[in-house]
Amino acid sequence: MRIDVITIFPGYLAPLREALLGRAIGAGLVDLAVHDLRSWTRDVHQAVDDSPYGGGPGMVMRPQVWGEALDAVLALDERPARIVVPTPAGRPFTQATAQAWTGEERLVFACGRYEGIDQRVVDDARRRDLPVDEVSIGDYVLVGGEVAVLVMVEAVVRLLPGVLGNPASAQQDSFSDGLLEGPAYTRPEVWRGLAVPEVLRSGNHAKIARWRRDRALERTAQRRPDLLAALPEDALDDADRAF
Ligand code: 6GU
């Protein structure tokens, strides 16, 4: 997968080259290119924003510079790209979004700052039949899209084949079965007077699976009742319901 990020703060994306993602890049599983939006400005001040039509606070990113930047970045590679615009006004980014994007050959992230990017940039791309997703990572407001890109790229790249040492970890994630994961324990058996639940040391794999499923159901009911309510009809069996 090729990933491009266009931003006025390229340094913000430096963490993408660390740890798991850095290794994925080093192993050639991901090609990452970060571009400075200002390199497509033509005026001496390298202005990327202007005041909003209709008035109001804040500044809006100018369409000309974004149009040129996207055209140039898209032309760097022949593979078809999905354009992603992080915005608090977007559709929610979820594990399902991350999973869907693993099927893309190329993702191009357009990071807005200020009050956002002139809407015609997205409208123009869609008019040219380029796939564009405007997405939000949650119900709070960030200063710009850069941190949201860190979040989304990490969520997608860890799902790519060969990135996680043990692919089973991605299959057992919270959310992959619609439930939160329950608690986990390692040695020692007793720590500061707190014991590991007996069943986990019983060696009875059916009992352990049942216990884990019950803890996941319990935690989801307590912390995210909205997830339980959204499960498909057939997601819970009789044993689940008995809990
Ligand atoms: Cl994707 N961008 C910004 N600027 N703020 C956000 C967000 C994205 N998601 C939640 N808040």
# chains A, B, ... in the order shown; residues from 1 in each chain; ligands from 1
>>> residues_near_ligand(ligand="ligand 1", cutoff="8 Å", atoms="only C-alpha atoms and all ligand atoms", output="PyMOL selection string")
chain A and resi 85-90+112-113+116+134-149
>>> residues_around(residues="Glu189 (chain A)", least_positions_apart="6", cutoff="12 Å", atoms="only C-alpha atoms", output="list in words")
Ala195, Val196, Pro197, Glu198, Leu200 and Arg201 of chain A
>>> closest_residue(among="A:Gly26, A:Leu20, A:Trp211, A:Tyr12", to="Val199 (chain A)", atoms="only C-alpha atoms")
A:Trp211
>>> closest_residue(among="A:Ile208, A:Ala14, A:Val132, A:Met1", to="Gly28 (chain A)", atoms="only C-alpha atoms")
A:Met1
>>> atom_distance(atom1="CA of Pro183 (chain A)", atom2="CA of Asp238 (chain A)")
22.9 Å
>>> decode(residues="region 197-229 of chain A", atoms="N, CA, C and O atoms", output="short mmCIF file (atom, residue, chain, number, x, y, z; two decimals), in the first residue's frame")
data_model
loop_
_atom_site.label_atom_id
_atom_site.label_comp_id
_atom_site.auth_asym_id
_atom_site.auth_seq_id
_atom_site.Cartn_x
_atom_site.Cartn_y
_atom_site.Cartn_z
N PRO A 197 -7.67 -14.84 37.92
CA PRO A 197 -8.88 -15.68 38.01
C PRO A 197 -8.54 -17.17 37.80
O PRO A 197 -7.85 -17.52 36.85
N GLU A 198 -9.05 -17.99 38.72
CA GLU A 198 -8.73 -19.42 38.76
C GLU A 198 -8.98 -20.12 37.41
O GLU A 198 -8.17 -20.94 36.97
N VAL A 199 -10.08 -19.77 36.77
CA VAL A 199 -10.48 -20.48 35.54
C VAL A 199 -9.39 -20.38 34.47
O VAL A 199 -9.18 -21.33 33.70
N LEU A 200 -8.64 -19.28 34.44
CA LEU A 200 -7.62 -19.10 33.40
C LEU A 200 -6.44 -20.05 33.61
O LEU A 200 -5.63 -20.26 32.71
N ARG A 201 -6.32 -20.59 34.82
CA ARG A 201 -5.23 -21.52 35.10
C ARG A 201 -5.73 -22.96 35.14
O ARG A 201 -5.00 -23.89 35.45
N SER A 202 -7.01 -23.17 34.78
CA SER A 202 -7.62 -24.50 34.91
C SER A 202 -7.21 -25.44 33.79
O SER A 202 -7.31 -26.66 33.94
N GLY A 203 -6.78 -24.89 32.65
CA GLY A 203 -6.46 -25.75 31.51
C GLY A 203 -7.70 -26.23 30.77
O GLY A 203 -7.59 -26.94 29.77
N ASN A 204 -8.88 -25.86 31.23
CA ASN A 204 -10.14 -26.26 30.58
C ASN A 204 -10.50 -25.21 29.52
O ASN A 204 -11.04 -24.16 29.83
N HIS A 205 -10.15 -25.51 28.25
CA HIS A 205 -10.24 -24.50 27.20
C HIS A 205 -11.66 -24.06 26.90
O HIS A 205 -11.89 -22.89 26.59
N ALA A 206 -12.61 -24.98 27.02
CA ALA A 206 -14.00 -24.60 26.79
C ALA A 206 -14.48 -23.64 27.88
O ALA A 206 -15.13 -22.62 27.59
N LYS A 207 -14.10 -23.96 29.14
CA LYS A 207 -14.49 -23.09 30.24
C LYS A 207 -13.84 -21.71 30.12
O LYS A 207 -14.45 -20.67 30.41
N ILE A 208 -12.57 -21.70 29.67
CA ILE A 208 -11.84 -20.43 29.51
C ILE A 208 -12.51 -19.59 28.43
O ILE A 208 -12.74 -18.39 28.61
N ALA A 209 -12.86 -20.22 27.32
CA ALA A 209 -13.52 -19.48 26.22
C ALA A 209 -14.84 -18.89 26.70
O ALA A 209 -15.18 -17.75 26.39
N ARG A 210 -15.60 -19.69 27.48
CA ARG A 210 -16.89 -19.21 28.00
C ARG A 210 -16.69 -18.02 28.95
O ARG A 210 -17.39 -17.01 28.88
N TRP A 211 -15.69 -18.16 29.82
CA TRP A 211 -15.39 -17.09 30.79
C TRP A 211 -14.99 -15.81 30.05
O TRP A 211 -15.47 -14.72 30.35
N ARG A 212 -14.15 -15.92 29.04
CA ARG A 212 -13.70 -14.74 28.28
C ARG A 212 -14.87 -14.07 27.57
O ARG A 212 -14.99 -12.86 27.54
N ARG A 213 -15.71 -14.90 27.00
CA ARG A 213 -16.88 -14.36 26.29
C ARG A 213 -17.79 -13.61 27.28
O ARG A 213 -18.28 -12.53 26.98
N ASP A 214 -18.00 -14.17 28.46
CA ASP A 214 -18.85 -13.53 29.47
C ASP A 214 -18.24 -12.20 29.94
O ASP A 214 -18.95 -11.22 30.14
N ARG A 215 -16.92 -12.18 30.14
CA ARG A 215 -16.28 -10.92 30.56
C ARG A 215 -16.41 -9.86 29.46
O ARG A 215 -16.60 -8.68 29.74
N ALA A 216 -16.30 -10.29 28.19
CA ALA A 216 -16.44 -9.34 27.08
C ALA A 216 -17.87 -8.79 27.05
O ALA A 216 -18.07 -7.58 26.89
N LEU A 217 -18.85 -9.68 27.25
CA LEU A 217 -20.25 -9.23 27.26
C LEU A 217 -20.50 -8.27 28.42
O LEU A 217 -21.14 -7.23 28.27
N GLU A 218 -19.96 -8.64 29.60
CA GLU A 218 -20.15 -7.82 30.80
C GLU A 218 -19.53 -6.42 30.60
O GLU A 218 -20.16 -5.40 30.87
N ARG A 219 -18.30 -6.39 30.12
CA ARG A 219 -17.61 -5.11 29.94
C ARG A 219 -18.32 -4.26 28.89
O ARG A 219 -18.48 -3.05 29.06
N THR A 220 -18.76 -4.89 27.82
CA THR A 220 -19.43 -4.14 26.76
C THR A 220 -20.76 -3.56 27.27
O THR A 220 -21.08 -2.40 26.99
N ALA A 221 -21.49 -4.37 28.06
CA ALA A 221 -22.77 -3.88 28.62
C ALA A 221 -22.53 -2.68 29.53
O ALA A 221 -23.29 -1.72 29.51
N GLN A 222 -21.43 -2.73 30.31
CA GLN A 222 -21.16 -1.63 31.25
C GLN A 222 -20.65 -0.38 30.55
O GLN A 222 -21.05 0.73 30.87
N ARG A 223 -19.71 -0.58 29.62
CA ARG A 223 -18.99 0.58 29.07
C ARG A 223 -19.54 1.08 27.75
O ARG A 223 -19.41 2.25 27.43
N ARG A 224 -20.07 0.16 26.95
CA ARG A 224 -20.53 0.53 25.60
C ARG A 224 -21.85 -0.15 25.27
O ARG A 224 -21.93 -0.96 24.34
N PRO A 225 -22.91 0.17 26.03
CA PRO A 225 -24.22 -0.45 25.73
C PRO A 225 -24.65 -0.19 24.29
O PRO A 225 -25.39 -1.00 23.72
N ASP A 226 -24.16 0.90 23.69
CA ASP A 226 -24.51 1.18 22.29
C ASP A 226 -24.00 0.08 21.36
O ASP A 226 -24.64 -0.25 20.36
N LEU A 227 -22.82 -0.51 21.68
CA LEU A 227 -22.29 -1.59 20.84
C LEU A 227 -23.15 -2.85 20.97
O LEU A 227 -23.42 -3.53 19.97
N LEU A 228 -23.57 -3.17 22.18
CA LEU A 228 -24.43 -4.34 22.38
C LEU A 228 -25.72 -4.19 21.60
O LEU A 228 -26.18 -5.10 20.91
N ALA A 229 -26.30 -2.99 21.69
CA ALA A 229 -27.59 -2.74 21.03
C ALA A 229 -27.45 -2.84 19.51
O ALA A 229 -28.42 -3.18 18.83
#
